[in-house]
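The structure appears right after this line, and notes come after that.
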Number of protein chains: 2
Amino acid sequence: MELDSKKLREFLLKGDRTFLPHISVDCVIFGFHDNQLKVLLLKWRDWGTWCVPGGFVMRNESLDDSAKRTLTERTGLENIFLRQFQVFGDPQRERGKKPFKIMGSSNSWLMERFITVGYWALVEFSKVTPRADWLSEDCQWWEIDRIPKLIYDHNTIVTKALEALRTSLNDHPVGYNLLPEKFTMPQFQRLYETILDESLDRRNFQKKMIALDILEKLPERKTGGAHKAPFLYRFDKKKYERAMKQGLKLGF
Amino acid sequence: MELDSKKLREFLLKGDRTFLPHISVDCVIFGFHDNQLKVLLLKWRDWGTWCVPGGFVMRNESLDDSAKRTLTERTGLENIFLRQFQVFGDPQRERGKKPFKIMGSSNSWLMERFITVGYWALVEFSKVTPRADWLSEDCQWWEIDRIPKLIYDHNTIVTKALEALRTSLNDHPVGYNLLPEKFTMPQFQRLYETILDESLDRRNFQKKMIALDILEKLPERKTGGAHKAPFLYRFDKKKYERAMKQGLKLGF
C-alpha cells in the first residue's frame with residue numbers, strides 16, 4: 001500500500017490540533033504462546049526501521065485511553081490489562097531524528113522533543129492478528145531474544161518493559177487469557193518460566209501458587225498422558241480479579 | 001513575603017519558552033523519623049490550597065532531573081533515591097483550575113491541560129528543612145493519616161505514591177539514610193511496620209531480612225536496655241546498592 005502523502009503532510013503540519021505536543025505513548029506488547037515469549041514490532045515506512053507501536057494523546061483523551069487505543073488498533077484486542085511501567089524523558093532519547101522529506105523546510109510538531117510513557121501488555125499471540133498502522137509497512141511478532149536494532153531508545157524501552165513484566169509477577173497474578181480454561185500445574189509453571197527465562201523448583205512453585213489463593217482445583221484430572229494424570233486447575237475469576245486490583249499480599 | 005507579581009506575570013506569559021507545555025512532575029516526599037511517616041506539602045499562595053511539591057521540565061532537561069531539582073529545592077537534599085511511580089493523565093484531573101487574577105483575559109500555558117509524572121522519595125525528616133517555593137506561602141510535614149483536602153487529584157497522587165512505596169518493599173531494600181548507622185533488628189522492623197502500617201511477625205521478619213543478604217551482623221551488642229542486649233546490624237553498602245540497582249530476588 002502506498003503511503004497517503006496528503007494525509008501525512010496534514011498530520012505533520014496540523015496533527016497538534018488533535019494531539020498534545022511533546023507527549024507520546026509506546027506499547028510493548030508481549031505475546032505468549034506454546035512456551036514462547038515474543039514482542040510485537042512495527043516497521044516504519046519512512047525509515048525502514050523497526051519500532052514499538054506507539055501513538056499520541058488526543059487533546060481530550062486520557063493517557064491510558066490513548067495506550068488502549070494503540071493496543072486495540074495494532075492487535076484488535078480489547079479489555080487487555082495494560083500497565084504503565086516507566087516514562088522515558090531523556091532530552092537525547094530521539095537522537096538522530098530526521099525530518100520527513102515531504103516537509104521540505106517546514107516545521108512539524110513531530111520533530112520536537114517527545115517524552116514517552118511506556119506501557120506493557122501480555123496477550124496470547126495466537127489470538128492476535130497484527131496490523132500495521134498507516135505509517136508502517138509491516139507488523140510482526142519477534143522472539144524476545146532476537147529483537148533487531150530499533151529506533152531511538154526503543155531497545156531500552158523493550159528491556160525495561162520485560163523487567164517490569166517480570167517484577168509484576170511478584171505482586172500481580174498472570175495467566176488469565178493466556179492458559180486454556182483448565183490447565184495443569186506444570187503448564188502454569190512453564191508460563192512463569194517462559195516469562196522469567198529460568199527454571200523454577202516444582203514444589204516451591206506449587207506451594208507458592210496455591211498460597212496465592214486464586215486457583216480452584218478441579219475434581220477431574222488431565223487424561224491422555226503416559227504418566228500419572230496430573231490435576232487440573234482453573235482460575236477463580238473473582239479472586240483473580242481482586243488480586244489484580246489489590247495486588248498480591250506482600251511476602252512478610 | 002509578598003509575591004513578586006512581575007515575576008509571576010512573566011512566568012505565566014512566557015514560561016513555556018523555558019519549560020515544556022502540558023507536562024509536569026509531582027514529588028510525593030515521605031519523611032520517616034521516630035516511627036512516624038509524614039508527607040511534605042506546600043500551600044499555594046494564590047488559592048490557599050495545599051498541594052504536593054511539583055515542577056516543570058525545562059526544554060533541555062531530562063524528566064528525572066526535573067524531579068530531582070524539585071526535591072532538592074524543597075528539601076535541600078541531594079542524591080536521594082527518587083522513583084517514578086505513575087503518570088496521571090486524566091483530562092479532567094485539574095478540574096476547577098482557575099486563571100490567575102493577574103492575567104486578566106490573557107492566555108497562559110499554565111491554564112492548559114497538564115499530564116503529570118508522579119515520583120516518590122523517602123527521607124529522614126529530621127534532616128530536612130522544608131522550603132516553600134516562590135508560588136507558595138508555607139511548606140510543612142503532614143502526618144500521613146491527617147492530610148488535608150489537596151488541590152486537583154493530589155490526594156489520589158499521595159495515595160498511589162504510598163501504595164507504590166509499600167509495594168517497593170517487595171523488590172527493593174529500604175533503610176539506608178533512615179536508620180542510624182548501627183541498628184537493632186527491632187528498629188529495622190519498626191521502619192517496615194511504620195511504612196506498611198501493620199505489625200509484622202518478629203521471627204518471619206528477621207528470617208526474611210537476613211535472607212536478603214544486605215545486612216552485616218556486628219560483633220558488639222546494643223547496651224543500656226533493661227532486657228538482654230540485642231545484636232547490632234549495619235548495611236553492607238555494596239550489597240545494598242547492588243540490591244537497589246538489580247532489585248531483590250523474586251520470591252520463587
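Letters A, B, ... mark the chains of the C-alpha cells in the order given; residue numbers begin at 1 per chain; ligand numbers begin at 1, in order shown.
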
Next item on the list: Could the residues of chain B within 7 Å of chain A, counting only C-alpha atoms, be given as an MDAnalysis selection string, please?
Entry: chainID B and resid 60:63 89:91 170 200 204:205 250 252

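Among the residues of range 64-150 of chain A, backbone DSSP assigns strand (DSSP E or B) to Leu82, Arg83, Gln84, Phe85, Gln86, Val87, Phe88, Ile115, Thr116, Val117, Gly118, Tyr119, Trp120, Ala121, Leu122, Val123, Glu124, Ser136, Glu137, Asp138, Cys139, Gln140, Trp141, Trp142, Glu143 and Leu150 of chain A.
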
Only N, CA and C atoms, please: the residues just picked out, written as a JSON list (two decimals), in the first residue's frame.
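Once written, part23.json looks like this:
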[["chain", "number", "residue", "atom", "x", "y", "z"],
["A", 82, "LEU", "N", -3.25, -3.45, 30.63],
["A", 82, "LEU", "CA", -2.16, -2.65, 30.06],
["A", 82, "LEU", "C", -1.58, -1.87, 31.21],
["A", 83, "ARG", "N", -0.30, -1.96, 31.41],
["A", 83, "ARG", "CA", 0.26, -1.36, 32.61],
["A", 83, "ARG", "C", 1.36, -0.37, 32.27],
["A", 84, "GLN", "N", 1.23, 0.84, 32.78],
["A", 84, "GLN", "CA", 2.30, 1.85, 32.69],
["A", 84, "GLN", "C", 3.51, 1.30, 33.41],
["A", 85, "PHE", "N", 4.68, 1.42, 32.87],
["A", 85, "PHE", "CA", 5.84, 0.95, 33.63],
["A", 85, "PHE", "C", 6.93, 2.00, 33.79],
["A", 86, "GLN", "N", 7.07, 2.92, 32.86],
["A", 86, "GLN", "CA", 8.13, 3.92, 33.01],
["A", 86, "GLN", "C", 7.95, 5.03, 31.99],
["A", 87, "VAL", "N", 8.38, 6.23, 32.36],
["A", 87, "VAL", "CA", 8.37, 7.33, 31.42],
["A", 87, "VAL", "C", 9.81, 7.55, 30.97],
["A", 88, "PHE", "N", 9.98, 7.73, 29.69],
["A", 88, "PHE", "CA", 11.32, 7.94, 29.13],
["A", 88, "PHE", "C", 11.44, 9.41, 28.75],
["A", 115, "ILE", "N", 8.48, 13.23, 25.22],
["A", 115, "ILE", "CA", 8.61, 12.38, 26.40],
["A", 115, "ILE", "C", 7.61, 11.26, 26.21],
["A", 116, "THR", "N", 8.04, 10.03, 26.36],
["A", 116, "THR", "CA", 7.10, 8.94, 26.06],
["A", 116, "THR", "C", 6.81, 8.09, 27.28],
["A", 117, "VAL", "N", 5.55, 7.71, 27.41],
["A", 117, "VAL", "CA", 5.11, 6.89, 28.54],
["A", 117, "VAL", "C", 5.04, 5.44, 28.05],
["A", 118, "GLY", "N", 5.78, 4.56, 28.69],
["A", 118, "GLY", "CA", 5.82, 3.16, 28.30],
["A", 118, "GLY", "C", 4.74, 2.35, 29.00],
["A", 119, "TYR", "N", 4.06, 1.53, 28.23],
["A", 119, "TYR", "CA", 3.05, 0.59, 28.75],
["A", 119, "TYR", "C", 3.45, -0.81, 28.30],
["A", 120, "TRP", "N", 3.13, -1.81, 29.09],
["A", 120, "TRP", "CA", 3.26, -3.17, 28.57],
["A", 120, "TRP", "C", 1.93, -3.91, 28.68],
["A", 121, "ALA", "N", 1.79, -4.90, 27.81],
["A", 121, "ALA", "CA", 0.63, -5.79, 27.85],
["A", 121, "ALA", "C", 1.14, -7.18, 27.54],
["A", 122, "LEU", "N", 0.41, -8.18, 28.00],
["A", 122, "LEU", "CA", 0.79, -9.57, 27.72],
["A", 122, "LEU", "C", -0.44, -10.27, 27.16],
["A", 123, "VAL", "N", -0.35, -10.75, 25.92],
["A", 123, "VAL", "CA", -1.51, -11.36, 25.26],
["A", 123, "VAL", "C", -1.14, -12.75, 24.73],
["A", 124, "GLU", "N", -2.16, -13.50, 24.37],
["A", 124, "GLU", "CA", -1.95, -14.82, 23.76],
["A", 124, "GLU", "C", -1.75, -14.54, 22.28],
["A", 136, "SER", "N", 3.33, 2.59, 8.84],
["A", 136, "SER", "CA", 4.21, 1.42, 8.90],
["A", 136, "SER", "C", 3.94, 0.49, 7.72],
["A", 137, "GLU", "N", 4.95, -0.25, 7.32],
["A", 137, "GLU", "CA", 4.77, -1.15, 6.19],
["A", 137, "GLU", "C", 4.72, -2.61, 6.64],
["A", 138, "ASP", "N", 4.96, -2.86, 7.93],
["A", 138, "ASP", "CA", 4.96, -4.23, 8.40],
["A", 138, "ASP", "C", 4.70, -4.25, 9.90],
["A", 139, "CYS", "N", 4.20, -5.37, 10.39],
["A", 139, "CYS", "CA", 3.91, -5.54, 11.81],
["A", 139, "CYS", "C", 4.10, -7.02, 12.11],
["A", 140, "GLN", "N", 5.04, -7.37, 12.97],
["A", 140, "GLN", "CA", 5.42, -8.77, 13.19],
["A", 140, "GLN", "C", 5.71, -9.06, 14.65],
["A", 141, "TRP", "N", 5.51, -10.32, 15.01],
["A", 141, "TRP", "CA", 5.98, -10.82, 16.30],
["A", 141, "TRP", "C", 7.45, -11.18, 16.18],
["A", 142, "TRP", "N", 8.24, -10.74, 17.14],
["A", 142, "TRP", "CA", 9.67, -11.08, 17.17],
["A", 142, "TRP", "C", 9.97, -11.85, 18.44],
["A", 143, "GLU", "N", 10.78, -12.88, 18.31],
["A", 143, "GLU", "CA", 11.20, -13.58, 19.52],
["A", 143, "GLU", "C", 12.00, -12.64, 20.40],
["A", 150, "LEU", "N", 16.37, -1.27, 17.14],
["A", 150, "LEU", "CA", 15.14, -0.50, 17.00],
["A", 150, "LEU", "C", 15.44, 1.00, 16.95]]

Note to self: Which residues are close to Glu181 in chain A, i.e. within 10 Å by only C-alpha atoms, leaving aside same-chain residues fewer than 3 positions away? Reply as a ChimeraX atom specification.
What the structure shows: /A:175-178,232-235

Write the residues you've just listed into a file as a CSV table (one decimal), in the first residue's frame, and include N, CA and C atoms for each of them.
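Now in part.csv:
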chain,number,residue,atom,x,y,z
A,175,GLY,N,-1.8,-15.1,33.8
A,175,GLY,CA,-2.2,-16.4,33.3
A,175,GLY,C,-3.6,-16.4,32.7
A,176,TYR,N,-4.5,-15.5,33.2
A,176,TYR,CA,-5.8,-15.5,32.6
A,176,TYR,C,-5.7,-15.0,31.2
A,177,ASN,N,-6.5,-15.7,30.3
A,177,ASN,CA,-6.4,-15.4,28.9
A,177,ASN,C,-5.2,-15.9,28.2
A,178,LEU,N,-4.2,-16.5,29.0
A,178,LEU,CA,-3.0,-17.0,28.4
A,178,LEU,C,-3.0,-18.5,28.4
A,232,LEU,N,-6.1,-30.9,37.4
A,232,LEU,CA,-6.4,-29.7,36.6
A,232,LEU,C,-6.9,-28.6,37.5
A,233,TYR,N,-6.5,-27.4,37.1
A,233,TYR,CA,-6.9,-26.2,37.9
A,233,TYR,C,-7.6,-25.2,36.9
A,234,ARG,N,-8.3,-24.3,37.5
A,234,ARG,CA,-8.7,-23.2,36.8
A,234,ARG,C,-8.7,-22.0,37.7
A,235,PHE,N,-8.7,-20.8,37.1
A,235,PHE,CA,-8.7,-19.6,37.9
A,235,PHE,C,-10.0,-19.3,38.6

With DSSP run on the backbone, what are the alpha helix (DSSP H) residues within range 8-248 of chain A? I'd like them as a short mmCIF file (atom, residue, chain, number, x, y, z; two decimals) with N, CA and C atoms, in the first residue's frame.
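That gives us out.cif:
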data_model
loop_
_atom_site.label_atom_id
_atom_site.label_comp_id
_atom_site.auth_asym_id
_atom_site.auth_seq_id
_atom_site.Cartn_x
_atom_site.Cartn_y
_atom_site.Cartn_z
N LEU A 8 -0.31 12.38 5.26
CA LEU A 8 0.92 12.53 6.05
C LEU A 8 1.27 14.01 6.24
N ARG A 9 1.17 14.78 5.16
CA ARG A 9 1.51 16.20 5.24
C ARG A 9 0.59 16.95 6.21
N GLU A 10 -0.67 16.62 6.14
CA GLU A 10 -1.67 17.20 7.04
C GLU A 10 -1.33 16.86 8.50
N PHE A 11 -0.96 15.60 8.73
CA PHE A 11 -0.63 15.13 10.07
C PHE A 11 0.62 15.84 10.61
N LEU A 12 1.62 15.98 9.74
CA LEU A 12 2.87 16.61 10.16
C LEU A 12 2.68 18.10 10.43
N LEU A 13 1.82 18.72 9.63
CA LEU A 13 1.62 20.17 9.77
C LEU A 13 0.64 20.52 10.88
N LYS A 14 -0.43 19.74 11.00
CA LYS A 14 -1.53 20.16 11.88
C LYS A 14 -1.94 19.12 12.92
N GLY A 15 -1.17 18.05 13.04
CA GLY A 15 -1.54 16.99 13.99
C GLY A 15 -1.68 17.49 15.42
N ASP A 16 -0.94 18.56 15.74
CA ASP A 16 -1.01 19.05 17.12
C ASP A 16 -2.29 19.82 17.42
N ARG A 17 -3.16 19.96 16.43
CA ARG A 17 -4.51 20.45 16.76
C ARG A 17 -5.31 19.33 17.41
N THR A 18 -5.00 18.10 17.01
CA THR A 18 -5.72 16.93 17.54
C THR A 18 -5.01 16.33 18.75
N LEU A 63 -4.56 9.61 29.07
CA LEU A 63 -3.32 8.94 28.68
C LEU A 63 -3.54 7.44 28.53
N ASP A 64 -4.20 6.83 29.53
CA ASP A 64 -4.45 5.39 29.48
C ASP A 64 -5.29 5.01 28.26
N ASP A 65 -6.28 5.84 27.94
CA ASP A 65 -7.11 5.55 26.77
C ASP A 65 -6.30 5.61 25.48
N SER A 66 -5.32 6.49 25.43
CA SER A 66 -4.52 6.57 24.20
C SER A 66 -3.67 5.30 24.05
N ALA A 67 -3.22 4.74 25.17
CA ALA A 67 -2.47 3.48 25.09
C ALA A 67 -3.39 2.33 24.69
N LYS A 68 -4.59 2.30 25.28
CA LYS A 68 -5.56 1.25 24.90
C LYS A 68 -5.91 1.33 23.42
N ARG A 69 -6.08 2.55 22.93
CA ARG A 69 -6.40 2.74 21.51
C ARG A 69 -5.28 2.16 20.64
N THR A 70 -4.04 2.47 21.01
CA THR A 70 -2.90 1.95 20.26
C THR A 70 -2.89 0.42 20.26
N LEU A 71 -3.10 -0.17 21.43
CA LEU A 71 -3.11 -1.63 21.55
C LEU A 71 -4.21 -2.23 20.68
N THR A 72 -5.41 -1.67 20.76
CA THR A 72 -6.54 -2.20 20.00
C THR A 72 -6.31 -2.06 18.50
N GLU A 73 -5.77 -0.91 18.10
CA GLU A 73 -5.52 -0.70 16.67
C GLU A 73 -4.51 -1.70 16.11
N ARG A 74 -3.53 -2.08 16.91
CA ARG A 74 -2.47 -2.99 16.42
C ARG A 74 -2.85 -4.45 16.54
N THR A 75 -3.72 -4.80 17.50
CA THR A 75 -3.96 -6.22 17.77
C THR A 75 -5.42 -6.62 17.64
N HIS A 154 14.17 2.59 21.71
CA HIS A 154 13.16 1.54 21.82
C HIS A 154 13.70 0.20 22.30
N ASN A 155 15.00 -0.10 22.05
CA ASN A 155 15.54 -1.34 22.64
C ASN A 155 15.53 -1.26 24.17
N THR A 156 15.89 -0.09 24.68
CA THR A 156 15.84 0.11 26.14
C THR A 156 14.40 -0.01 26.64
N ILE A 157 13.47 0.56 25.91
CA ILE A 157 12.07 0.51 26.32
C ILE A 157 11.60 -0.95 26.42
N VAL A 158 11.99 -1.78 25.45
CA VAL A 158 11.60 -3.20 25.50
C VAL A 158 12.27 -3.89 26.69
N THR A 159 13.55 -3.62 26.91
CA THR A 159 14.26 -4.23 28.04
C THR A 159 13.61 -3.86 29.37
N LYS A 160 13.29 -2.59 29.52
CA LYS A 160 12.67 -2.13 30.77
C LYS A 160 11.26 -2.70 30.94
N ALA A 161 10.57 -2.86 29.82
CA ALA A 161 9.22 -3.45 29.88
C ALA A 161 9.31 -4.90 30.34
N LEU A 162 10.30 -5.61 29.84
CA LEU A 162 10.47 -7.02 30.23
C LEU A 162 10.81 -7.11 31.72
N GLU A 163 11.67 -6.22 32.20
CA GLU A 163 11.96 -6.18 33.64
C GLU A 163 10.69 -5.93 34.44
N ALA A 164 9.88 -4.98 33.94
CA ALA A 164 8.64 -4.63 34.65
C ALA A 164 7.66 -5.81 34.64
N LEU A 165 7.56 -6.48 33.51
CA LEU A 165 6.69 -7.67 33.42
C LEU A 165 7.15 -8.71 34.44
N ARG A 166 8.46 -8.95 34.50
CA ARG A 166 8.98 -9.95 35.45
C ARG A 166 8.71 -9.53 36.89
N THR A 167 8.99 -8.27 37.21
CA THR A 167 8.76 -7.80 38.57
C THR A 167 7.28 -7.89 38.94
N SER A 168 6.42 -7.68 37.95
CA SER A 168 4.98 -7.69 38.24
C SER A 168 4.52 -9.05 38.75
N MET A 185 -0.67 -27.81 36.74
CA MET A 185 0.36 -27.04 37.42
C MET A 185 1.63 -26.93 36.57
N PRO A 186 2.06 -28.01 35.89
CA PRO A 186 3.23 -27.87 35.01
C PRO A 186 3.02 -26.84 33.89
N GLN A 187 1.81 -26.79 33.32
CA GLN A 187 1.54 -25.76 32.30
C GLN A 187 1.68 -24.36 32.88
N PHE A 188 1.13 -24.20 34.08
CA PHE A 188 1.17 -22.90 34.76
C PHE A 188 2.63 -22.53 35.06
N GLN A 189 3.39 -23.51 35.51
CA GLN A 189 4.79 -23.25 35.83
C GLN A 189 5.58 -22.84 34.58
N ARG A 190 5.28 -23.47 33.43
CA ARG A 190 6.03 -23.13 32.22
C ARG A 190 5.75 -21.70 31.76
N LEU A 191 4.52 -21.21 32.05
CA LEU A 191 4.23 -19.80 31.75
C LEU A 191 5.19 -18.89 32.54
N TYR A 192 5.32 -19.15 33.84
CA TYR A 192 6.24 -18.35 34.66
C TYR A 192 7.67 -18.52 34.20
N GLU A 193 8.05 -19.74 33.89
CA GLU A 193 9.43 -20.00 33.48
C GLU A 193 9.75 -19.29 32.16
N THR A 194 8.76 -19.25 31.28
CA THR A 194 8.97 -18.58 30.00
C THR A 194 9.16 -17.08 30.20
N ILE A 195 8.33 -16.49 31.05
CA ILE A 195 8.45 -15.05 31.30
C ILE A 195 9.78 -14.75 32.00
N LEU A 196 10.13 -15.57 32.98
CA LEU A 196 11.34 -15.30 33.77
C LEU A 196 12.61 -15.79 33.07
N ARG A 202 9.83 -27.18 41.20
CA ARG A 202 8.44 -27.60 41.05
C ARG A 202 7.65 -27.50 42.36
N ARG A 203 8.25 -27.96 43.45
CA ARG A 203 7.49 -27.98 44.71
C ARG A 203 7.27 -26.59 45.28
N ASN A 204 8.32 -25.75 45.23
CA ASN A 204 8.17 -24.36 45.69
C ASN A 204 7.12 -23.62 44.88
N PHE A 205 7.17 -23.84 43.56
CA PHE A 205 6.22 -23.15 42.69
C PHE A 205 4.79 -23.52 43.07
N GLN A 206 4.56 -24.81 43.19
CA GLN A 206 3.21 -25.27 43.50
C GLN A 206 2.73 -24.71 44.85
N LYS A 207 3.62 -24.74 45.84
CA LYS A 207 3.27 -24.24 47.18
C LYS A 207 2.89 -22.75 47.11
N LYS A 208 3.74 -22.00 46.40
CA LYS A 208 3.51 -20.56 46.30
C LYS A 208 2.20 -20.25 45.57
N MET A 209 1.96 -20.96 44.48
CA MET A 209 0.77 -20.68 43.68
C MET A 209 -0.52 -21.03 44.43
N ILE A 210 -0.46 -22.14 45.18
CA ILE A 210 -1.63 -22.50 45.98
C ILE A 210 -1.87 -21.41 47.04
N ALA A 211 -0.76 -20.92 47.62
CA ALA A 211 -0.87 -19.90 48.67
C ALA A 211 -1.46 -18.59 48.16
N LYS A 237 -12.21 -16.69 39.11
CA LYS A 237 -12.20 -15.38 38.45
C LYS A 237 -12.35 -14.22 39.45
N LYS A 238 -13.22 -14.38 40.42
CA LYS A 238 -13.43 -13.31 41.41
C LYS A 238 -12.15 -13.02 42.18
N LYS A 239 -11.52 -14.09 42.67
CA LYS A 239 -10.29 -13.93 43.45
C LYS A 239 -9.15 -13.39 42.58
N TYR A 240 -9.12 -13.88 41.34
CA TYR A 240 -8.09 -13.42 40.40
C TYR A 240 -8.22 -11.91 40.17
N GLU A 241 -9.45 -11.49 39.92
CA GLU A 241 -9.66 -10.06 39.65
C GLU A 241 -9.39 -9.20 40.87
N ARG A 242 -9.73 -9.73 42.04
CA ARG A 242 -9.42 -8.97 43.25
C ARG A 242 -7.91 -8.84 43.41
N ALA A 243 -7.19 -9.92 43.12
CA ALA A 243 -5.72 -9.87 43.24
C ALA A 243 -5.12 -8.91 42.22
N MET A 244 -5.74 -8.82 41.03
CA MET A 244 -5.27 -7.86 40.02
C MET A 244 -5.44 -6.44 40.52
N LYS A 245 -6.55 -6.20 41.19
CA LYS A 245 -6.85 -4.84 41.66
C LYS A 245 -6.02 -4.49 42.88
N GLN A 246 -6.02 -5.38 43.86
CA GLN A 246 -5.39 -5.05 45.14
C GLN A 246 -3.92 -5.41 45.19
#

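Put simply, CA of Thr184 in chain A is 6.0 Å away from CA of Phe231 in chain A.
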
Note to self: Can you tell me which residues surround Pro53 in chain A at a distance of at most 9 Å, considering only C-alpha atoms, apart from same-chain residues fewer than 5 positions away, and format the answer as a list of chain:residue names?
What the structure shows: A:Val25, A:Asp26, A:Cys27, A:Val28, A:Ile29, A:Leu40, A:Leu41, A:Leu42, A:Thr70, A:Leu71, A:Arg74, A:Ala132, A:Asp133, A:Cys139

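Of note, CA of His172 in chain A and CA of Glu216 in chain A are spaced 17.3 Å apart.
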